[in-house]
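Reproduced below: query29.cif, with mmCIF, C-alpha atoms.
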data_start
loop_
_atom_site.label_atom_id
_atom_site.label_comp_id
_atom_site.auth_asym_id
_atom_site.auth_seq_id
_atom_site.Cartn_x
_atom_site.Cartn_y
_atom_site.Cartn_z
CA MET A 1 -12.46 -2.01 14.15
CA THR A 2 -12.67 -1.02 17.84
CA THR A 3 -10.48 1.12 20.06
CA VAL A 4 -9.21 0.05 23.49
CA GLU A 5 -7.00 2.42 25.50
CA ASN A 6 -6.02 4.34 22.37
CA ARG A 7 -5.08 1.11 20.55
CA VAL A 8 -6.77 -0.04 17.37
CA VAL A 9 -7.95 -3.62 17.89
CA PRO A 10 -8.90 -5.67 14.79
CA PRO A 11 -12.16 -7.62 14.75
CA PRO A 12 -11.92 -11.09 16.32
CA ARG A 13 -12.04 -12.79 12.93
CA TRP A 14 -8.69 -11.26 11.97
CA LEU A 15 -5.38 -12.92 12.72
CA GLY A 16 -3.06 -11.18 15.17
CA PRO A 17 0.21 -9.66 13.94
CA TRP A 18 2.48 -12.64 14.58
CA PRO A 19 0.07 -15.29 13.19
CA ALA A 20 -0.31 -13.09 10.09
CA PHE A 21 3.47 -12.75 9.86
CA SER A 22 3.90 -16.53 10.15
CA LEU A 23 1.20 -17.12 7.56
CA GLN A 24 2.90 -14.86 5.04
CA ALA A 25 6.28 -16.47 5.70
CA SER A 26 4.67 -19.86 5.08
CA VAL A 27 3.31 -18.60 1.76
CA VAL A 28 6.87 -17.90 0.57
CA VAL A 29 8.11 -21.25 1.88
CA PHE A 30 5.42 -23.31 0.15
CA PHE A 31 5.38 -21.30 -3.07
CA LEU A 32 9.09 -21.99 -3.42
CA ALA A 33 8.60 -25.57 -2.26
CA GLY A 34 6.07 -25.96 -5.04
CA ALA A 35 8.51 -24.50 -7.53
CA SER A 36 11.27 -26.95 -6.58
CA ALA A 37 8.97 -29.96 -6.29
CA PRO A 38 9.22 -30.89 -10.02
CA THR A 39 13.04 -31.21 -9.86
CA PRO A 40 13.11 -34.82 -8.55
CA LEU A 41 10.36 -35.68 -11.04
CA TYR A 42 12.13 -34.56 -14.21
CA ALA A 43 13.69 -38.00 -14.75
CA THR A 44 10.27 -39.60 -14.38
CA TYR A 45 8.74 -37.17 -16.86
CA GLN A 46 11.55 -37.84 -19.32
CA GLN A 47 11.05 -41.59 -19.11
CA GLU A 48 7.26 -41.42 -19.42
CA TRP A 49 7.07 -38.87 -22.22
CA HIS A 50 10.43 -39.40 -23.91
CA PHE A 51 11.60 -35.82 -24.10
CA SER A 52 15.22 -34.68 -24.09
CA PRO A 53 17.27 -32.71 -21.53
CA ILE A 54 16.73 -29.65 -23.71
CA THR A 55 13.00 -29.93 -23.03
CA THR A 56 13.68 -30.22 -19.31
CA THR A 57 15.76 -27.06 -19.31
CA VAL A 58 13.15 -25.19 -21.37
CA ILE A 59 10.49 -26.13 -18.81
CA PHE A 60 12.82 -24.82 -16.12
CA GLY A 61 13.82 -21.66 -17.99
CA VAL A 62 10.27 -20.58 -18.80
CA TYR A 63 9.50 -20.52 -15.07
CA ALA A 64 12.36 -18.10 -14.49
CA MET A 65 11.18 -15.80 -17.26
CA ALA A 66 7.60 -15.85 -15.92
CA VAL A 67 8.81 -14.93 -12.43
CA LEU A 68 10.88 -12.07 -13.83
CA LEU A 69 7.96 -10.76 -15.90
CA ALA A 70 5.65 -10.76 -12.88
CA LEU A 71 8.25 -9.11 -10.64
CA LEU A 72 8.84 -6.28 -13.06
CA VAL A 73 5.20 -5.66 -14.01
CA VAL A 74 3.12 -6.28 -10.87
CA GLY A 75 5.77 -6.18 -8.15
CA SER A 76 4.38 -3.01 -6.57
CA LEU A 77 0.67 -3.64 -7.20
CA SER A 78 -0.01 -4.45 -3.54
CA ASP A 79 1.07 -0.92 -2.58
CA HIS A 80 -2.03 0.32 -4.40
CA VAL A 81 -4.71 -2.38 -4.03
CA GLY A 82 -3.58 -3.87 -0.70
CA ARG A 83 -1.62 -6.96 0.30
CA ARG A 84 -4.52 -9.36 0.85
CA PRO A 85 -6.07 -9.33 -2.65
CA VAL A 86 -2.69 -9.77 -4.33
CA ILE A 87 -1.69 -12.63 -2.01
CA PHE A 88 -5.08 -14.32 -2.33
CA GLY A 89 -5.06 -14.02 -6.13
CA SER A 90 -1.53 -15.41 -6.31
CA ILE A 91 -2.50 -18.40 -4.18
CA ALA A 92 -5.43 -19.07 -6.52
CA VAL A 93 -3.11 -19.07 -9.55
CA GLN A 94 -0.57 -21.25 -7.72
CA ALA A 95 -3.32 -23.70 -6.82
CA ALA A 96 -4.34 -23.85 -10.48
CA ALA A 97 -0.70 -24.56 -11.39
CA VAL A 98 -0.46 -27.62 -9.12
CA VAL A 99 -3.80 -28.89 -10.44
CA VAL A 100 -2.35 -28.71 -13.96
CA PHE A 101 0.80 -30.46 -12.73
CA ALA A 102 -1.20 -33.26 -11.11
CA GLY A 103 -3.12 -33.90 -14.32
CA ALA A 104 -0.23 -33.35 -16.73
CA ASP A 105 0.07 -35.83 -19.60
CA GLY A 106 2.89 -34.27 -21.59
CA PHE A 107 5.17 -31.33 -22.31
CA PRO A 108 2.45 -28.70 -23.05
CA ALA A 109 0.80 -29.25 -19.66
CA LEU A 110 4.12 -28.99 -17.82
CA LEU A 111 4.95 -25.80 -19.68
CA CYS A 112 1.57 -24.28 -18.82
CA ALA A 113 1.93 -25.25 -15.16
CA ARG A 114 5.42 -23.74 -14.94
CA ILE A 115 4.26 -20.47 -16.48
CA LEU A 116 1.39 -20.26 -14.00
CA GLN A 117 3.80 -21.04 -11.15
CA GLY A 118 6.22 -18.37 -12.27
CA LEU A 119 3.56 -15.68 -12.60
CA ALA A 120 2.08 -16.55 -9.20
CA THR A 121 5.45 -16.58 -7.45
CA GLY A 122 6.66 -13.36 -9.03
CA THR A 123 3.43 -11.65 -8.03
CA VAL A 124 3.19 -12.88 -4.46
CA VAL A 125 6.74 -12.26 -3.25
CA GLY A 126 6.46 -8.48 -3.50
CA ALA A 127 3.19 -8.40 -1.59
CA VAL A 128 4.31 -10.88 1.07
CA GLY A 129 7.73 -9.27 1.41
CA ALA A 130 6.21 -5.85 1.98
CA GLY A 131 3.47 -7.33 4.18
CA MET A 132 5.93 -8.91 6.60
CA ILE A 133 7.88 -5.65 6.79
CA ASP A 134 4.60 -3.84 7.48
CA ILE A 135 4.21 -5.99 10.59
CA ARG A 136 7.83 -5.86 11.76
CA ARG A 137 10.61 -4.26 9.78
CA SER A 138 13.75 -6.14 10.88
CA ALA A 139 12.10 -9.55 11.27
CA GLY A 140 10.42 -9.12 7.89
CA THR A 141 13.67 -8.33 6.13
CA LEU A 142 15.37 -11.36 7.69
CA ALA A 143 12.43 -13.61 6.81
CA ASN A 144 12.52 -12.32 3.23
CA ALA A 145 16.17 -13.35 3.04
CA VAL A 146 15.79 -16.84 4.48
CA THR A 147 12.35 -18.23 3.61
CA PRO A 148 12.75 -18.60 -0.19
CA ALA A 149 15.91 -20.70 0.06
CA ALA A 150 14.40 -22.66 2.95
CA GLY A 151 11.25 -23.29 0.92
CA THR A 152 13.24 -24.49 -2.07
CA ALA A 153 15.18 -26.85 0.16
CA VAL A 154 12.01 -28.24 1.76
CA GLY A 155 10.33 -28.72 -1.62
CA ALA A 156 13.29 -30.48 -3.20
CA LEU A 157 13.83 -32.91 -0.33
CA GLY A 158 10.14 -33.47 0.40
CA SER A 159 9.33 -34.15 -3.23
CA GLY A 160 12.30 -36.50 -3.50
CA LEU A 161 11.11 -38.49 -0.51
CA LEU A 162 7.56 -38.74 -1.84
CA VAL A 163 8.73 -39.75 -5.31
CA ALA A 164 11.00 -42.42 -3.83
CA TYR A 165 8.72 -43.94 -1.20
CA ALA A 166 5.09 -42.87 -1.75
CA PRO A 167 2.52 -43.98 -4.34
CA GLN A 168 1.55 -41.92 -7.38
CA PRO A 169 4.80 -39.88 -7.44
CA THR A 170 3.68 -37.50 -10.18
CA ARG A 171 0.49 -36.58 -8.34
CA LEU A 172 0.77 -36.94 -4.57
CA VAL A 173 3.15 -34.06 -3.97
CA TYR A 174 0.87 -31.71 -5.91
CA HIS A 175 -2.23 -32.89 -4.04
CA LEU A 176 -0.50 -32.14 -0.73
CA LEU A 177 0.56 -28.71 -1.94
CA LEU A 178 -2.98 -27.97 -3.13
CA GLY A 179 -4.31 -28.69 0.37
CA ILE A 180 -1.72 -26.34 1.87
CA TYR A 181 -2.61 -23.56 -0.57
CA VAL A 182 -6.31 -23.89 0.25
CA LEU A 183 -5.54 -23.53 3.97
CA GLN A 184 -3.33 -20.52 3.28
CA ALA A 185 -6.07 -18.88 1.23
CA VAL A 186 -8.44 -19.24 4.19
CA GLY A 187 -5.79 -17.67 6.41
CA VAL A 188 -5.43 -14.71 4.05
CA VAL A 189 -9.18 -14.11 4.23
CA LEU A 190 -8.81 -13.88 8.04
CA MET A 191 -5.72 -11.67 7.87
CA ALA A 192 -5.87 -7.94 8.53
CA GLU A 193 -4.88 -5.61 5.71
CA THR A 194 -1.64 -3.72 6.44
CA ALA A 195 -1.54 -1.36 3.45
CA ALA A 196 -4.03 1.35 2.64
CA ARG A 197 -5.36 1.57 -0.89
CA ALA A 198 -3.74 4.27 -2.99
CA PRO A 199 -4.24 5.59 -6.53
CA GLY A 200 -1.85 4.76 -9.33
CA ALA A 201 -2.33 0.99 -9.69
CA LEU A 202 -2.19 1.12 -13.49
CA ARG A 203 0.78 3.47 -13.45
CA SER A 204 2.63 1.05 -11.15
CA LEU A 205 2.56 -1.59 -13.91
CA ARG A 206 5.00 0.47 -15.96
CA VAL A 207 8.50 -1.02 -15.92
CA THR A 208 11.32 1.46 -15.32
CA TRP A 209 15.07 0.89 -15.36
CA THR A 210 17.25 3.02 -13.15
CA VAL A 211 20.97 2.64 -12.55
CA PRO A 212 22.24 5.72 -10.69
CA ALA A 213 25.63 6.96 -11.83
CA GLN A 214 27.22 6.24 -8.45
CA ALA A 215 26.08 2.61 -8.57
CA ARG A 216 27.12 1.71 -12.12
CA GLY A 217 30.68 0.67 -11.30
CA PRO A 218 29.75 -1.41 -8.24
CA LEU A 219 26.89 -3.02 -10.19
CA LEU A 220 29.29 -4.06 -12.94
CA ARG A 221 31.63 -5.50 -10.32
CA ALA A 222 28.81 -7.39 -8.56
CA ALA A 223 27.14 -8.63 -11.76
CA PRO A 224 29.54 -11.59 -12.29
CA VAL A 225 28.81 -13.13 -8.89
CA VAL A 226 25.07 -12.51 -9.28
CA LEU A 227 25.17 -14.30 -12.63
CA ALA A 228 27.32 -17.08 -11.19
CA VAL A 229 25.14 -17.92 -8.17
CA TRP A 230 21.90 -17.99 -10.13
CA ALA A 231 23.40 -19.92 -13.04
CA LEU A 232 24.55 -22.52 -10.51
CA ALA A 233 21.11 -22.68 -8.90
CA GLY A 234 19.53 -23.09 -12.33
CA PHE A 235 21.84 -25.94 -13.21
CA TYR A 236 21.10 -27.82 -9.98
CA GLY A 237 17.39 -27.19 -10.36
CA SER A 238 17.16 -28.50 -13.91
CA LEU A 239 19.96 -31.02 -14.49
CA GLY A 240 21.08 -31.75 -10.92
CA PRO A 241 19.29 -35.12 -10.68
CA ALA A 242 20.90 -36.33 -13.91
CA LEU A 243 24.29 -35.24 -12.60
CA VAL A 244 23.85 -36.99 -9.23
CA ARG A 245 23.07 -40.28 -10.96
CA ARG A 246 26.59 -40.23 -12.41
CA VAL A 247 28.30 -40.21 -9.00
CA ALA A 248 25.87 -41.90 -6.62
CA THR A 249 23.90 -45.11 -6.44
CA GLY A 250 20.49 -45.27 -4.86
CA GLU A 251 17.05 -43.82 -5.42
CA GLY A 252 17.62 -41.26 -8.21
CA ALA A 253 14.71 -38.97 -7.36
CA LEU A 254 15.70 -38.74 -3.70
CA LEU A 255 19.36 -38.06 -4.49
CA GLY A 256 18.38 -35.44 -7.06
CA GLY A 257 16.24 -33.65 -4.50
CA LEU A 258 18.98 -34.00 -1.91
CA ALA A 259 21.47 -32.17 -4.15
CA LEU A 260 19.21 -29.13 -4.53
CA PHE A 261 18.32 -29.34 -0.83
CA THR A 262 22.00 -29.26 0.13
CA LEU A 263 22.73 -26.26 -2.07
CA THR A 264 19.79 -24.15 -0.92
CA ALA A 265 19.76 -25.17 2.75
CA CYS A 266 23.42 -24.20 3.07
CA GLY A 267 22.58 -20.95 1.30
CA ALA A 268 19.82 -20.15 3.78
CA LEU A 269 22.04 -20.92 6.78
CA THR A 270 24.78 -18.72 5.34
CA VAL A 271 22.39 -15.79 5.03
CA LEU A 272 21.58 -16.14 8.73
CA VAL A 273 25.20 -16.46 9.82
CA LEU A 274 26.49 -13.55 7.73
CA ARG A 275 23.54 -11.20 8.13
CA SER A 276 25.62 -8.76 10.22
CA ALA A 277 28.86 -9.04 8.23
CA ALA A 278 30.08 -6.16 6.07
CA PRO A 279 28.73 -6.38 2.49
CA ARG A 280 32.18 -6.58 0.88
CA THR A 281 33.22 -9.34 3.28
CA THR A 282 30.01 -11.24 2.52
CA MET A 283 30.64 -11.07 -1.21
CA GLN A 284 34.26 -12.16 -0.79
CA VAL A 285 33.16 -15.17 1.27
CA GLY A 286 30.59 -15.97 -1.40
CA THR A 287 32.99 -15.80 -4.32
CA VAL A 288 35.67 -17.89 -2.61
CA ALA A 289 33.10 -20.51 -1.54
CA LEU A 290 31.72 -20.67 -5.08
CA ILE A 291 35.16 -21.29 -6.56
CA VAL A 292 36.11 -23.93 -3.99
CA GLY A 293 32.70 -25.61 -3.94
CA VAL A 294 32.34 -25.89 -7.70
CA ALA A 295 35.95 -27.11 -8.03
CA LEU A 296 35.25 -29.87 -5.48
CA THR A 297 32.06 -30.80 -7.30
CA LEU A 298 33.86 -31.11 -10.64
CA MET A 299 36.55 -33.24 -8.99
CA ALA A 300 33.80 -35.48 -7.60
CA ILE A 301 32.35 -35.94 -11.08
CA ALA A 302 35.78 -36.83 -12.44
CA VAL A 303 36.50 -39.48 -9.78
CA GLY A 304 32.90 -40.62 -9.24
CA SER A 305 32.74 -39.74 -5.53
CA ALA A 306 29.26 -39.11 -4.10
CA GLY A 307 30.65 -37.91 -0.76
CA LEU A 308 32.93 -35.34 -2.38
CA PHE A 309 30.06 -34.25 -4.62
CA PHE A 310 27.82 -33.37 -1.69
CA VAL A 311 30.68 -31.70 0.20
CA GLY A 312 31.34 -29.54 -2.86
CA THR A 313 27.63 -28.80 -3.20
CA ALA A 314 27.47 -27.70 0.45
CA VAL A 315 30.44 -25.35 0.02
CA ALA A 316 28.94 -24.01 -3.20
CA GLY A 317 25.71 -23.43 -1.24
CA VAL A 318 27.64 -21.15 1.10
CA GLY A 319 28.74 -19.24 -1.97
CA PHE A 320 25.19 -19.18 -3.27
CA GLY A 321 23.82 -17.59 -0.11
CA ALA A 322 26.69 -15.19 0.53
CA GLY A 323 27.36 -14.20 -3.07
CA PHE A 324 23.95 -12.79 -3.86
CA GLN A 325 23.49 -11.20 -0.45
CA GLY A 326 26.89 -9.55 -0.70
CA GLY A 327 26.14 -8.28 -4.19
CA VAL A 328 22.80 -6.76 -3.22
CA ARG A 329 24.11 -5.19 -0.03
CA THR A 330 27.15 -3.76 -1.82
CA VAL A 331 25.15 -2.06 -4.57
CA ILE A 332 21.78 -1.05 -3.11
CA PRO A 333 23.05 1.33 -0.35
CA LEU A 334 24.64 3.49 -3.08
CA ALA A 335 21.24 4.49 -4.45
CA GLU A 336 18.91 7.09 -3.01
CA PRO A 337 15.66 5.66 -1.56
CA HIS A 338 13.64 6.61 -4.64
CA GLN A 339 16.25 4.93 -6.91
CA ARG A 340 16.57 1.59 -5.11
CA SER A 341 13.55 -0.14 -6.61
CA GLY A 342 14.67 0.52 -10.18
CA LEU A 343 18.20 -0.56 -9.36
CA LEU A 344 16.91 -3.78 -7.82
CA SER A 345 14.86 -4.40 -10.94
CA VAL A 346 18.06 -4.33 -12.97
CA MET A 347 19.73 -6.72 -10.53
CA TYR A 348 16.82 -9.11 -10.82
CA VAL A 349 16.99 -9.02 -14.61
CA ILE A 350 20.65 -10.02 -14.35
CA SER A 351 19.77 -12.72 -11.82
CA TYR A 352 16.99 -14.32 -13.84
CA LEU A 353 18.88 -14.18 -17.10
CA GLY A 354 21.63 -16.10 -15.30
CA PHE A 355 19.04 -18.38 -13.75
CA GLY A 356 17.11 -19.33 -16.87
CA LEU A 357 19.03 -18.94 -20.12
CA PRO A 358 22.25 -20.83 -19.30
CA THR A 359 20.22 -23.89 -18.30
CA VAL A 360 18.85 -24.11 -21.84
CA VAL A 361 22.41 -23.87 -23.18
CA ALA A 362 23.38 -26.66 -20.77
CA GLY A 363 20.57 -28.80 -22.16
CA VAL A 364 21.91 -28.29 -25.66
CA ILE A 365 25.40 -29.33 -24.50
CA VAL A 366 23.96 -32.46 -22.86
CA VAL A 367 22.28 -33.54 -26.09
CA TYR A 368 24.78 -32.37 -28.71
CA GLY A 369 28.00 -31.68 -26.83
CA GLY A 370 28.89 -34.89 -25.02
CA GLY A 371 26.46 -35.47 -22.16
CA VAL A 372 25.71 -34.17 -18.71
CA ALA A 373 29.29 -34.46 -17.42
CA ARG A 374 30.60 -32.31 -20.29
CA ALA A 375 27.87 -29.78 -19.60
CA ALA A 376 28.77 -29.76 -15.89
CA TYR A 377 32.45 -29.09 -16.65
CA ALA A 378 31.62 -26.22 -19.00
CA TYR A 379 29.07 -24.78 -16.60
CA GLY A 380 31.32 -25.15 -13.57
CA ILE A 381 34.31 -23.52 -15.23
CA ALA A 382 32.14 -20.59 -16.31
CA VAL A 383 30.79 -20.17 -12.77
CA MET A 384 34.29 -20.26 -11.28
CA LEU A 385 35.60 -17.68 -13.77
CA LEU A 386 32.70 -15.34 -13.01
CA ALA A 387 33.27 -15.77 -9.27
CA LEU A 388 37.01 -15.13 -9.68
CA LEU A 389 36.28 -11.96 -11.65
CA ALA A 390 33.96 -10.75 -8.90
CA LEU A 391 36.50 -11.60 -6.20
CA ILE A 392 39.24 -9.63 -7.95
CA SER A 393 36.87 -6.68 -8.34
CA THR A 394 36.18 -6.58 -4.59
CA PHE A 395 39.89 -6.16 -3.83
CA GLU A 396 40.30 -3.58 -6.60
CA SER A 397 37.35 -1.55 -5.32
CA SER A 398 38.66 -1.65 -1.74
CA ARG A 399 41.77 0.23 -2.86
CA THR A 400 39.83 3.02 -4.53
CA SER A 401 36.75 3.54 -2.40
CA GLY A 402 35.43 3.30 1.14
CA PRO A 403 32.79 0.90 2.35
CA ALA A 404 29.37 1.06 0.72
CA VAL A 405 27.63 0.91 4.07
CA PRO A 406 28.65 3.29 6.86
CA GLU A 407 31.04 1.60 9.26
CA ALA A 408 29.42 3.10 12.34
CA VAL A 409 26.04 4.60 13.09
CA PRO A 410 25.19 5.55 16.66
CA GLY A 411 23.30 2.74 18.30
CA ARG A 412 23.82 0.27 15.45
CA ALA A 413 26.33 -2.47 14.76
CA PRO A 414 28.58 -1.86 11.73
CA GLY A 415 27.15 -3.52 8.68
CA GLY A 416 24.36 -5.16 10.65
CA ASP A 417 21.20 -3.21 11.41
CA VAL A 418 22.28 -0.59 8.88
CA ALA A 419 22.12 -3.17 6.12
CA VAL A 420 18.76 -4.42 7.37
CA ASP A 421 17.33 -0.91 7.33
CA LEU A 422 18.69 -0.22 3.85
CA CYS A 423 17.22 -3.47 2.55
CA ALA A 424 13.88 -2.71 4.17
CA ASP A 425 13.90 0.77 2.65
CA ALA A 426 14.53 -0.76 -0.73
CA CYS A 427 11.57 -3.08 -0.28
CA ARG A 428 9.35 -0.07 0.24
CA ALA A 429 11.06 2.32 -2.19
CA ALA A 430 8.44 1.82 -4.88
CA GLY A 431 5.40 2.62 -2.82
CA PRO A 432 2.44 4.55 -4.19
CA SER A 433 4.69 7.46 -5.11
CA GLY A 434 7.53 5.32 -6.44
CA HIS A 435 8.25 3.52 -9.67
CA GLY A 436 8.91 -0.07 -10.64
CA PRO A 437 8.36 -3.25 -8.64
CA THR A 438 8.43 -3.45 -4.89
CA PRO A 439 11.21 -5.96 -4.45
CA LYS A 440 11.94 -8.16 -1.53
CA VAL A 441 15.62 -7.59 -0.99
CA GLY A 442 17.83 -10.56 -0.36
CA THR A 443 15.41 -13.38 -0.87
CA LEU A 444 16.16 -16.26 -3.19
CA ALA A 445 13.49 -17.65 -5.50
CA PHE A 446 14.47 -20.24 -7.90
CA GLU A 447 13.46 -23.62 -9.08
CA GLY A 448 11.88 -22.13 -7.38
CA ASP A 449 12.53 -18.58 -7.21
CA GLU A 450 13.55 -15.50 -7.85
CA PRO A 451 15.77 -13.61 -5.91
CA ARG A 452 13.59 -11.69 -3.83
#

Turn the structure described in the file into structure tokens.
Amino acid sequence: MTTVENRVVPPPRWLGPWPAFSLQASVVVFFLAGASAPTPLYATYQQEWHFSPITTTVIFGVYAMAVLLALLVVGSLSDHVGRRPVIFGSIAVQAAAVVVFAGADGFPALLCARILQGLATGTVVGAVGAGMIDIRRSAGTLANAVTPAAGTAVGALGSGLLVAYAPQPTRLVYHLLLGIYVLQAVGVVLMAETAARAPGALRSLRVTWTVPAQARGPLLRAAPVVLAVWALAGFYGSLGPALVRRVATGEGALLGGLALFTLTACGALTVLVLRSAAPRTTMQVGTVALIVGVALTLMAIAVGSAGLFFVGTAVAGVGFGAGFQGGVRTVIPLAEPHQRSGLLSVMYVISYLGFGLPTVVAGVIVVYGGGVARAAYAYGIAVMLLALLALISTFESSRTSGPAVPEAVPGRAPGGDVAVDLCADACRAAGPSGHGPTPKVGTLAFEGDEPR
């Protein structure tokens, strides 16, 4: 390191702040792209290896559980050992996962690859999320909110296109991802470290659960919409392609990827549009959009309309993006800074239980309860009821309490920068002196992800 005019200048081999920021954002995008890439391939795997929809949903669900485990156990490790080693190690594990995918010859290999993917993703998002905030607080928080959904959208559509029109569909997408991960690993080697090493790495692996008394009621009111949005994402990620084939003609893999792309791309755009809206308003928009979008989708299944199906999916995507963001931003500001990480851990447990377990139940319904349409009706009705419960709770809470986020702070827009600062504080709440994982507030990792 050298000093020029009282400024610390990194050695020439290190990336500058904005290239490092862009690199870390790309890591989230392509980790989540890799996690959604298998979705258009599930039909191909089923045909080649003759496994049932239950097996597909188990492969999907185990990824969600692996992400959750990594988030809770190693989410704050980068606060102690630095961002670079955690990111580099995660990329190495992710690269190993796509190698296993490319050479997979049956269910055990797919299961192993998904577990590796989940562990890598759950480990990297905390380090990358904190690393981007280290470089620039507000831009990092916004990137954390948008990049996971954007990455899932890119992976679903890109994989669908490759499966439909390129050779070796079960291998090519993973070879391309492997090349990207290698390049990203080189970039991480050239990236400056933004976090000093600190003692307590082993202690940070201890999982703690904290729900402050003042946040218990709001958490219970937000839990239904959190469950609803992630259950919907799980359904689209695991059984979406099978559902699309019922209402649309054309290349199945491409249409299956397009459904997940529509849901998550609309979610990412909604996060951008509503980033300055009041938390309660955001959650109300999310719950209403979920109810309307899922209702339209179920109507499309009943009448066999592909156009109506994708319109409903787009509206549900608005609910997906707004619902989770509104839930997080309604609950998290109620906790003290040292309590936010533990509270977020609880929210992520709720999210990933909704994301993973109901998809397995849906697989059982597909096989033993009447097929994918019957499963979609049951799933959709459950999502709408949860969203309606959350919507009613927002109006009930508005009669008994004031806004969770201060309406006015000198020099800041109501509900805008305040929310950004609170989310950024929560990302850093479990630093070397904190407890629990260092979460990335507002991001969405699913088939990919994890809400992070």

Atom CA of Ala120 of chain A to atom CA of Ala259 of chain A: how many Å, to one decimal? 25.4 Å

Kindly resolve the PyMOL selection byres ((chain A and resi 77) around 8) on the present coordinates and return the residues as a ChimeraX atom specification. /A:74-76,78-82,86,127,201,204-205,437

Please expand the PyMOL selection byres ((chain A and resi 188) around 9) into the concrete residues it hits in this file, giving the result as a ChimeraX atom specification. /A:15,20,23-24,84-85,87-88,183-187,189-192

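A straight line drawn from atom CA of Tyr165 of chain A to atom CA of Thr121 of chain A is 28.3 Å long.
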
In terms of the shortest atom-to-atom distance over only C-alpha atoms, which of A:Arg245, A:Arg329, A:His50, A:Arg171 is closest to Met283 of chain A? A:Arg329

Residue nearest Gly61 of chain A - candidates A:Ser90, A:Gln325, A:Ser238, A:Ser305, atoms counted: only C-alpha atoms: A:Ser238

Within 6 Å of (16.8, -30.6, -21.3) in the file's own coordinates, which protein, DNA or RNA residues have an atom, counting only C-alpha atoms? List them as an mmCIF file with C-alpha atoms, keeping the file's coordinate frame.
data_model
loop_
_atom_site.group_PDB
_atom_site.id
_atom_site.type_symbol
_atom_site.label_atom_id
_atom_site.label_comp_id
_atom_site.auth_asym_id
_atom_site.auth_seq_id
_atom_site.Cartn_x
_atom_site.Cartn_y
_atom_site.Cartn_z
ATOM 1 C CA SER A 52 15.220 -34.680 -24.090
ATOM 2 C CA PRO A 53 17.270 -32.710 -21.530
ATOM 3 C CA ILE A 54 16.730 -29.650 -23.710
ATOM 4 C CA THR A 55 13.000 -29.930 -23.030
ATOM 5 C CA THR A 56 13.680 -30.220 -19.310
ATOM 6 C CA THR A 57 15.760 -27.060 -19.310
ATOM 7 C CA GLY A 363 20.570 -28.800 -22.160
#

Contacts of Leu334 of chain A at 8 Å or less, counting all atoms listed in the file, minus same-chain residues fewer than 3 places along, as a PDB file with C-alpha atoms, keeping the file's coordinate frame?
ATOM      1  CA  GLN A 214      27.220   6.240  -8.450  1.00  0.00           C
ATOM      2  CA  ALA A 215      26.080   2.610  -8.570  1.00  0.00           C
ATOM      3  CA  THR A 330      27.150  -3.760  -1.820  1.00  0.00           C
ATOM      4  CA  VAL A 331      25.150  -2.060  -4.570  1.00  0.00           C
ATOM      5  CA  ALA A 404      29.370   1.060   0.720  1.00  0.00           C
TER       6      ALA A 404
END

Picked residues, the PyMOL selection byres ((chain A and resi 157) around 8), expected as a ChimeraX atom specification: /A:153-156,158-161,254,257-258,260-261
